[in-house]
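Source file: upload.tsv; contents: TSV, C-alpha atoms.
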chain	number	residue	atom	x	y	z
A	1105	MET	CA	-2.01	-6.73	10.95
A	1106	ASN	CA	-5.14	-6.32	8.85
A	1107	PHE	CA	-6.60	-2.86	9.47
A	1108	GLY	CA	-9.84	-3.57	7.60
A	1109	SER	CA	-10.95	-2.75	4.07
A	1110	ILE	CA	-11.69	0.98	4.34
A	1111	MET	CA	-8.97	3.03	5.98
A	1112	THR	CA	-9.50	6.78	5.84
A	1113	ALA	CA	-6.54	9.13	5.45
A	1114	MET	CA	-8.00	11.78	7.74
A	1115	VAL	CA	-7.82	15.49	6.96
A	1116	THR	CA	-6.48	17.74	9.70
A	1117	PRO	CA	-9.07	20.34	10.73
A	1118	PHE	CA	-7.79	23.89	11.21
A	1119	ASP	CA	-9.41	26.88	12.91
A	1120	GLU	CA	-9.54	30.44	11.59
A	1121	ARG	CA	-5.97	31.07	12.78
A	1122	GLY	CA	-4.69	28.00	10.97
A	1123	ASP	CA	-4.09	26.04	14.17
A	1124	ILE	CA	-5.32	22.47	14.66
A	1125	ASP	CA	-8.98	22.60	15.66
A	1126	TYR	CA	-9.36	19.82	18.21
A	1127	PRO	CA	-13.14	20.09	18.77
A	1128	ALA	CA	-13.59	19.84	14.98
A	1129	THR	CA	-11.17	16.91	14.92
A	1130	LYS	CA	-13.33	15.09	17.47
A	1131	THR	CA	-16.42	15.72	15.35
A	1132	LEU	CA	-14.63	14.49	12.25
A	1133	ILE	CA	-13.37	11.32	13.95
A	1134	ASN	CA	-16.87	10.44	15.10
A	1135	HIS	CA	-18.25	11.18	11.63
A	1136	LEU	CA	-15.73	8.85	10.00
A	1137	LEU	CA	-16.23	6.01	12.47
A	1138	ALA	CA	-19.99	6.26	11.96
A	1139	ASN	CA	-19.67	6.21	8.19
A	1140	GLY	CA	-17.80	3.16	7.01
A	1141	THR	CA	-14.24	3.75	8.24
A	1142	ASP	CA	-12.44	0.70	9.64
A	1143	ALA	CA	-9.22	2.52	10.62
A	1144	LEU	CA	-7.86	6.06	10.69
A	1145	VAL	CA	-4.59	7.26	9.19
A	1146	VAL	CA	-3.44	10.45	10.91
A	1147	ALA	CA	-0.96	13.00	9.53
A	1148	GLY	CA	-0.63	11.49	6.08
A	1149	THR	CA	-0.70	13.35	2.78
A	1150	THR	CA	-4.40	14.14	3.18
A	1151	GLY	CA	-3.67	15.36	6.70
A	1152	GLU	CA	-1.27	17.96	5.22
A	1153	SER	CA	1.65	16.37	7.02
A	1154	PRO	CA	4.31	18.53	5.29
A	1155	THR	CA	2.79	21.59	6.96
A	1156	LEU	CA	2.52	20.07	10.46
A	1157	THR	CA	5.35	20.42	12.95
A	1158	ALA	CA	6.65	17.32	14.70
A	1159	GLN	CA	5.02	18.45	17.95
A	1160	GLU	CA	1.69	19.06	16.21
A	1161	LYS	CA	1.82	15.52	14.84
A	1162	VAL	CA	2.52	13.99	18.24
A	1163	ASP	CA	-0.26	16.04	19.84
A	1164	LEU	CA	-2.63	14.96	17.06
A	1165	PHE	CA	-1.68	11.30	17.55
A	1166	LYS	CA	-2.40	11.53	21.28
A	1167	PHE	CA	-5.71	13.31	20.77
A	1168	THR	CA	-6.88	10.86	18.11
A	1169	VAL	CA	-6.02	7.82	20.23
A	1170	GLN	CA	-7.90	9.31	23.19
A	1171	THR	CA	-10.93	10.23	21.08
A	1172	VAL	CA	-11.14	6.94	19.22
A	1173	ALA	CA	-10.89	5.10	22.56
A	1174	GLY	CA	-10.35	1.69	21.02
A	1175	ARG	CA	-13.18	1.86	18.49
A	1176	ALA	CA	-10.82	1.48	15.51
A	1177	PRO	CA	-7.08	1.23	14.83
A	1178	VAL	CA	-5.17	4.51	14.62
A	1179	ILE	CA	-2.24	4.59	12.19
A	1180	ALA	CA	0.29	7.40	12.56
A	1181	GLY	CA	2.03	8.92	9.57
A	1182	THR	CA	5.59	9.27	10.86
A	1183	GLY	CA	7.58	9.02	7.64
A	1184	THR	CA	9.76	11.91	6.51
A	1185	ASN	CA	12.73	12.27	4.18
A	1186	SER	CA	15.07	11.93	7.16
A	1187	THR	CA	15.59	8.49	8.66
A	1188	ARG	CA	16.57	9.94	12.04
A	1189	GLU	CA	13.53	12.21	12.17
A	1190	SER	CA	11.27	9.34	11.13
A	1191	ILE	CA	12.68	7.23	13.96
A	1192	ASP	CA	12.13	9.98	16.54
A	1193	LEU	CA	8.55	10.53	15.43
A	1194	THR	CA	7.84	6.79	15.28
A	1195	ILE	CA	9.04	6.33	18.86
A	1196	GLN	CA	6.85	9.20	20.05
A	1197	ALA	CA	3.86	7.83	18.11
A	1198	GLU	CA	4.24	4.45	19.79
A	1199	GLU	CA	4.40	6.16	23.17
A	1200	ALA	CA	1.18	8.00	22.23
A	1201	GLY	CA	-0.60	4.66	21.92
A	1202	VAL	CA	-1.19	4.35	18.19
A	1203	ASP	CA	-1.83	0.93	16.67
A	1204	GLY	CA	0.43	1.16	13.64
A	1205	ILE	CA	2.84	3.32	11.67
A	1206	MET	CA	2.69	4.50	8.06
A	1207	LEU	CA	6.05	5.37	6.47
A	1208	VAL	CA	6.08	7.30	3.21
A	1209	VAL	CA	8.87	6.93	0.67
A	1210	PRO	CA	11.42	9.67	1.50
A	1211	TYR	CA	10.68	12.66	-0.69
A	1212	TYR	CA	12.93	15.20	-2.41
A	1213	ASN	CA	16.31	13.53	-1.77
A	1214	LYS	CA	15.56	10.74	-4.30
A	1215	PRO	CA	17.22	7.68	-2.69
A	1216	CYS	CA	18.07	4.56	-4.66
A	1217	GLN	CA	16.20	1.29	-4.07
A	1218	GLU	CA	18.85	0.03	-1.62
A	1219	GLY	CA	18.57	3.33	0.25
A	1220	LEU	CA	14.82	2.83	0.48
A	1221	TYR	CA	15.28	-0.70	1.78
A	1222	GLN	CA	17.75	0.37	4.46
A	1223	HIS	CA	15.62	3.39	5.44
A	1224	PHE	CA	12.47	1.36	6.06
A	1225	LYS	CA	14.33	-1.51	7.70
A	1226	THR	CA	16.12	0.88	10.06
A	1227	VAL	CA	12.95	2.67	11.13
A	1228	ALA	CA	11.02	-0.60	11.54
A	1229	GLN	CA	13.67	-1.94	13.91
A	1230	THR	CA	12.99	0.90	16.36
A	1231	THR	CA	9.33	-0.03	17.01
A	1232	THR	CA	7.23	-3.03	17.94
A	1233	LEU	CA	4.29	-1.67	15.95
A	1234	PRO	CA	3.18	-2.95	12.53
A	1235	ILE	CA	4.46	-0.84	9.65
A	1236	MET	CA	2.58	0.18	6.53
A	1237	LEU	CA	4.84	1.26	3.67
A	1238	TYR	CA	3.54	4.13	1.55
A	1239	ASN	CA	4.58	4.36	-2.09
A	1240	ILE	CA	3.43	7.56	-3.79
A	1241	PRO	CA	5.85	8.49	-6.58
A	1242	GLY	CA	3.69	11.40	-7.73
A	1243	ARG	CA	4.63	13.25	-4.53
A	1244	SER	CA	7.90	11.64	-3.44
A	1245	ALA	CA	9.64	11.74	-6.87
A	1246	VAL	CA	10.82	8.13	-6.36
A	1247	ASN	CA	8.91	4.96	-7.16
A	1248	MET	CA	9.60	2.12	-4.73
A	1249	LEU	CA	9.74	-0.90	-7.01
A	1250	PRO	CA	7.75	-4.06	-6.28
A	1251	GLU	CA	11.02	-5.92	-5.73
A	1252	THR	CA	11.94	-3.59	-2.86
A	1253	ILE	CA	8.50	-3.85	-1.26
A	1254	ILE	CA	8.58	-7.65	-1.56
A	1255	ARG	CA	12.06	-7.78	-0.06
A	1256	LEU	CA	10.97	-5.68	2.91
A	1257	ALA	CA	7.78	-7.68	3.40
A	1258	ASN	CA	9.66	-10.97	3.41
A	1259	ASN	CA	12.61	-9.88	5.58
A	1260	VAL	CA	11.33	-7.37	8.15
A	1261	SER	CA	8.77	-9.01	10.40
A	1262	ASN	CA	6.80	-5.93	11.43
A	1263	ILE	CA	6.47	-4.53	7.91
A	1264	THR	CA	2.99	-5.94	7.37
A	1265	SER	CA	1.29	-3.86	4.67
A	1266	VAL	CA	1.72	-1.33	1.89
A	1267	LYS	CA	-0.30	1.59	0.61
A	1268	GLU	CA	0.45	1.44	-3.11
A	1269	ALA	CA	-0.41	4.76	-4.74
A	1270	SER	CA	1.62	4.41	-7.93
A	1271	GLY	CA	-1.48	3.58	-9.97
A	1272	ASP	CA	0.31	0.54	-11.41
A	1273	LEU	CA	-1.94	-2.53	-11.19
A	1274	GLU	CA	0.82	-4.78	-12.50
A	1275	ALA	CA	3.04	-3.68	-9.61
A	1276	VAL	CA	0.21	-4.34	-7.16
A	1277	ALA	CA	-0.33	-7.79	-8.62
A	1278	ALA	CA	3.38	-8.61	-8.36
A	1279	ILE	CA	3.46	-7.58	-4.69
A	1280	ILE	CA	0.42	-9.71	-3.88
A	1281	GLU	CA	1.83	-12.68	-5.79
A	1282	HIS	CA	5.22	-12.66	-4.07
A	1283	THR	CA	4.27	-11.89	-0.46
A	1284	GLY	CA	2.55	-14.04	2.12
A	1285	ASP	CA	-1.09	-14.04	3.15
A	1286	ASP	CA	-0.10	-12.06	6.24
A	1287	PHE	CA	1.04	-9.09	4.13
A	1288	PHE	CA	-1.78	-6.72	3.22
A	1289	VAL	CA	-1.84	-4.62	0.05
A	1290	TYR	CA	-3.94	-1.46	0.01
A	1291	THR	CA	-4.38	0.93	-2.87
A	1292	GLY	CA	-3.96	4.63	-2.23
A	1293	ASP	CA	-6.11	5.55	-5.23
A	1294	ASP	CA	-9.87	5.55	-4.57
A	1295	ALA	CA	-10.67	4.87	-8.21
A	1296	SER	CA	-8.58	1.68	-8.05
A	1297	THR	CA	-10.41	0.21	-5.06
A	1298	LEU	CA	-12.51	-2.36	-6.90
A	1299	PRO	CA	-9.80	-3.32	-9.44
A	1300	VAL	CA	-7.30	-3.88	-6.62
A	1301	LEU	CA	-9.78	-6.01	-4.67
A	1302	ALA	CA	-10.34	-8.03	-7.84
A	1303	ILE	CA	-6.66	-9.00	-8.08
A	1304	GLY	CA	-6.40	-9.94	-4.42
A	1305	GLY	CA	-5.77	-6.65	-2.61
A	1306	THR	CA	-7.04	-5.94	0.89
A	1307	GLY	CA	-8.68	-2.54	0.48
A	1308	ILE	CA	-8.15	1.20	0.25
A	1309	VAL	CA	-6.50	3.98	2.23
A	1310	SER	CA	-9.12	6.44	1.13
A	1311	VAL	CA	-9.70	10.14	0.72
A	1312	SER	CA	-13.23	9.81	-0.65
A	1313	ALA	CA	-14.39	7.83	2.39
A	1314	HIS	CA	-14.74	11.19	4.15
A	1315	ILE	CA	-17.74	11.71	1.86
A	1316	ILE	CA	-18.90	8.26	0.70
A	1317	GLY	CA	-17.54	5.91	3.34
A	1318	ASN	CA	-20.75	3.92	3.80
A	1319	GLU	CA	-21.19	3.54	0.06
A	1320	MET	CA	-17.62	2.33	-0.36
A	1321	ALA	CA	-18.07	-0.13	2.50
A	1322	GLU	CA	-21.22	-1.44	0.82
A	1323	MET	CA	-19.33	-1.87	-2.44
A	1324	VAL	CA	-16.63	-3.87	-0.66
A	1325	ARG	CA	-19.24	-5.98	1.14
A	1326	HIS	CA	-20.94	-6.91	-2.12
A	1327	PHE	CA	-17.62	-7.80	-3.71
A	1328	LYS	CA	-16.51	-9.98	-0.83
A	1329	THR	CA	-19.83	-11.84	-0.72
A	1330	GLY	CA	-19.62	-12.66	-4.41
A	1331	ASN	CA	-22.12	-10.08	-5.71
A	1332	THR	CA	-19.61	-8.56	-8.08
A	1333	LYS	CA	-22.24	-7.14	-10.42
A	1334	GLN	CA	-23.73	-4.99	-7.65
A	1335	ALA	CA	-20.25	-4.01	-6.47
A	1336	ALA	CA	-19.43	-2.84	-10.00
A	1337	THR	CA	-22.69	-0.90	-10.23
A	1338	ILE	CA	-21.92	0.93	-6.98
A	1339	TYR	CA	-18.35	1.55	-8.14
A	1340	ARG	CA	-19.50	3.21	-11.37
A	1341	GLY	CA	-21.88	5.40	-9.41
A	1342	LEU	CA	-19.19	6.49	-6.97
A	1343	LEU	CA	-16.48	7.10	-9.54
A	1344	PRO	CA	-17.44	10.72	-10.35
A	1345	ILE	CA	-17.28	11.59	-6.66
A	1346	MET	CA	-13.90	9.90	-6.29
A	1347	GLN	CA	-12.61	11.81	-9.29
A	1348	ALA	CA	-13.93	15.12	-7.95
A	1349	MET	CA	-11.95	14.70	-4.73
A	1350	PHE	CA	-8.80	14.94	-6.86
A	1351	ALA	CA	-9.95	17.64	-9.27
A	1352	ALA	CA	-7.65	20.00	-7.35
A	1353	PRO	CA	-4.67	19.16	-5.14
A	1354	ASN	CA	-5.69	16.97	-2.20
A	1355	PRO	CA	-7.13	17.76	0.36
A	1356	SER	CA	-8.69	21.04	-0.82
A	1357	PRO	CA	-11.75	19.43	-2.49
A	1358	THR	CA	-12.35	17.06	0.42
A	1359	LYS	CA	-12.21	19.82	3.02
A	1360	ALA	CA	-14.56	22.00	0.97
A	1361	THR	CA	-17.01	19.12	0.60
A	1362	LEU	CA	-16.94	18.26	4.30
A	1363	ASN	CA	-17.65	21.90	5.17
A	1364	LEU	CA	-20.64	21.84	2.81
A	1365	MET	CA	-21.86	18.65	4.50
A	1366	GLY	CA	-21.84	20.33	7.89
A	1367	VAL	CA	-18.71	18.58	9.09
A	1368	PRO	CA	-16.50	21.61	9.82
A	1369	VAL	CA	-12.81	21.14	9.06
A	1370	GLY	CA	-11.75	24.66	8.11
A	1371	GLY	CA	-9.36	25.48	5.32
A	1372	VAL	CA	-5.92	24.35	4.20
A	1373	ARG	CA	-2.49	25.65	5.12
A	1374	LEU	CA	-0.22	27.38	2.64
A	1375	PRO	CA	1.17	26.45	0.21
A	1376	MET	CA	-2.12	24.60	-0.38
A	1377	MET	CA	-4.98	26.81	-1.55
A	1378	ALA	CA	-8.71	26.77	-0.94
A	1379	LEU	CA	-10.96	26.01	-3.89
A	1380	PRO	CA	-12.27	29.02	-5.85
A	1381	ASN	CA	-15.96	29.78	-5.36
A	1382	GLU	CA	-17.06	28.31	-8.68
A	1383	GLN	CA	-15.54	24.94	-7.78
A	1384	VAL	CA	-17.16	25.02	-4.36
A	1385	GLU	CA	-20.51	25.65	-6.02
A	1386	SER	CA	-20.01	22.63	-8.27
A	1387	LEU	CA	-19.51	20.47	-5.19
A	1388	LYS	CA	-23.11	21.13	-4.21
A	1389	ASP	CA	-24.19	19.22	-7.31
A	1390	LEU	CA	-21.72	16.51	-6.35
A	1391	LEU	CA	-23.37	16.13	-2.96
A	1392	ALA	CA	-26.77	15.80	-4.63
A	1393	LEU	CA	-25.30	12.98	-6.74
A	1394	ARG	CA	-23.89	11.39	-3.60
A	1395	ASN	CA	-27.34	11.43	-1.97
A	1396	GLN	CA	-28.92	9.86	-5.03
A	1397	THR	CA	-26.24	7.14	-5.01
A	1398	ALA	CA	-26.84	6.43	-1.35
A	1399	ILE	CA	-30.57	6.07	-1.96
A	1400	GLY	CA	-29.76	3.69	-4.83
A	1401	LEU	CA	-27.94	1.32	-2.48
Go ahead and express the file in the form of structure tokens.
Amino acid sequence: MNFGSIMTAMVTPFDERGDIDYPATKTLINHLLANGTDALVVAGTTGESPTLTAQEKVDLFKFTVQTVAGRAPVIAGTGTNSTRESIDLTIQAEEAGVDGIMLVVPYYNKPCQEGLYQHFKTVAQTTTLPIMLYNIPGRSAVNMLPETIIRLANNVSNITSVKEASGDLEAVAAIIEHTGDDFFVYTGDDASTLPVLAIGGTGIVSVSAHIIGNEMAEMVRHFKTGNTKQAATIYRGLLPIMQAMFAAPNPSPTKATLNLMGVPVGGVRLPMMALPNEQVESLKDLLALRNQTAIGL
């Protein structure tokens, strides 16, 4: 299943007590859908999934599905470092009405490649939903090799896409080359969006789309219609903003920027930390740059 070119890995809004802020979540969902997002990924890394309880995730899945009301696909982050727990959460996500599942590489316990294959195959067999694999070795401590992703894509029918956040373009190219046209390869690195499109990728599971979703969508549109020079010009203009969203551990910069934009999402949960005041002040200049870029479109 193709979920579009710009998927946003949605932050999870919190209130002053640190609980999920559902009115703010509704505002955020509507903001994203009005600003270039083709599909929403809920309770992923950017959604601070390690700090959410299983029940909070299920409640968030249900609320997002109800709020989106069919306007875009909703992808639930149900992967953990426990196969059994991932299965339980996947079953509950399907019952909540989501459109797809994202499964991260199991973190901390450092499985071998065969363990990764069996983990993803086992979870996929418990759902009828399309599965997006999520390779992010910088956080999981294990890199799922292209050979493992290709094997899963070619042998498990409902594993239909991958979010490749290793930063390895050669790996991305190998996956694209050795999988069918019905397998969709997304980058998980905003700064790699245009390079990945150029080698045949589908799009991005984005953090920066919270801030520059329309601009990113315009970049993709120009690329896909053959105006690669304009796509590259937009890309260069957006790159500083993309980089700023990762100047501190994700999602602290994105949440701070959204709050400055008047899209209230609150703070982050420990052990994540809010940005210091001087970094928040620098984001105001970033937003001015964003507005100039938008005018330049």
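Nearest residue to Arg1325 of chain A among A:Asn1258, A:Leu1298, A:Thr1129, A:Met1236 is A:Leu1298, counting all atoms listed in the file.
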Calculate how many Å separate atom CA of Gly1292 of chain A from atom CA of Val1369 of chain A, rounding to one decimal.
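A separation of 21.9 Å between them.
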May I have the residues within 10 Å of Leu1237 of chain A as a PDB file with C-alpha atoms, in the frame of the given file, using all atoms listed in the file and disregarding those fewer than 3 positions away in the same chain?
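The result, written out as out.pdb:
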ATOM      1  CA  GLY A1183       7.580   9.020   7.640  1.00  0.00           C
ATOM      2  CA  ILE A1205       2.840   3.320  11.670  1.00  0.00           C
ATOM      3  CA  MET A1206       2.690   4.500   8.060  1.00  0.00           C
ATOM      4  CA  LEU A1207       6.050   5.370   6.470  1.00  0.00           C
ATOM      5  CA  VAL A1208       6.080   7.300   3.210  1.00  0.00           C
ATOM      6  CA  VAL A1209       8.870   6.930   0.670  1.00  0.00           C
ATOM      7  CA  PHE A1224      12.470   1.360   6.060  1.00  0.00           C
ATOM      8  CA  PRO A1234       3.180  -2.950  12.530  1.00  0.00           C
ATOM      9  CA  ILE A1240       3.430   7.560  -3.790  1.00  0.00           C
ATOM     10  CA  MET A1248       9.600   2.120  -4.730  1.00  0.00           C
ATOM     11  CA  ILE A1253       8.500  -3.850  -1.260  1.00  0.00           C
ATOM     12  CA  LEU A1256      10.970  -5.680   2.910  1.00  0.00           C
ATOM     13  CA  ALA A1257       7.780  -7.680   3.400  1.00  0.00           C
ATOM     14  CA  ILE A1263       6.470  -4.530   7.910  1.00  0.00           C
ATOM     15  CA  THR A1264       2.990  -5.940   7.370  1.00  0.00           C
ATOM     16  CA  SER A1265       1.290  -3.860   4.670  1.00  0.00           C
ATOM     17  CA  VAL A1266       1.720  -1.330   1.890  1.00  0.00           C
ATOM     18  CA  LYS A1267      -0.300   1.590   0.610  1.00  0.00           C
ATOM     19  CA  GLU A1268       0.450   1.440  -3.110  1.00  0.00           C
ATOM     20  CA  VAL A1289      -1.840  -4.620   0.050  1.00  0.00           C
ATOM     21  CA  TYR A1290      -3.940  -1.460   0.010  1.00  0.00           C
TER      22      TYR A1290
END
For atom CA of Tyr1221 of chain A and atom CA of Asn1185 of chain A, quote the distance in Å rounded to one decimal.
13.4 Å
Got a sec: who's within 7 Å of Ala1113 of chain A, counting all atoms listed in the file, leaving out chain neighbours fewer than 2 positions off, as a ChimeraX atom specification?
/A:1111,1115,1144-1146,1148,1150-1151,1309-1311
I need the residue nearest Phe1287 of chain A from this list: A:Phe1107, A:Ala1128, A:Pro1154, A:Phe1350. Use only C-alpha atoms for the distance.
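Closest to Phe1287 of chain A, using only C-alpha atoms: A:Phe1107.
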How many Å separate atom CA of Ala1176 of chain A from atom CA of Leu1137 of chain A?
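Computing the Euclidean distance for atom CA of Ala1176 of chain A and atom CA of Leu1137 of chain A yields 7.7 Å.
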Can you list, as a list of chain:residue names, every protein, DNA or RNA residue that comes within 12 Å of Phe1118 of chain A when you count only C-alpha atoms, leaving out same-chain residues fewer than 5 positions away?
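My reading of the contact set: A:Asp1123, A:Ile1124, A:Asp1125, A:Tyr1126, A:Pro1127, A:Ala1128, A:Thr1129, A:Leu1132, A:Gly1151, A:Glu1152, A:Thr1155, A:Leu1156, A:Glu1160, A:Leu1164, A:Lys1359, A:Asn1363, A:Pro1368, A:Val1369, A:Gly1370, A:Gly1371, A:Val1372, A:Arg1373, A:Leu1374.
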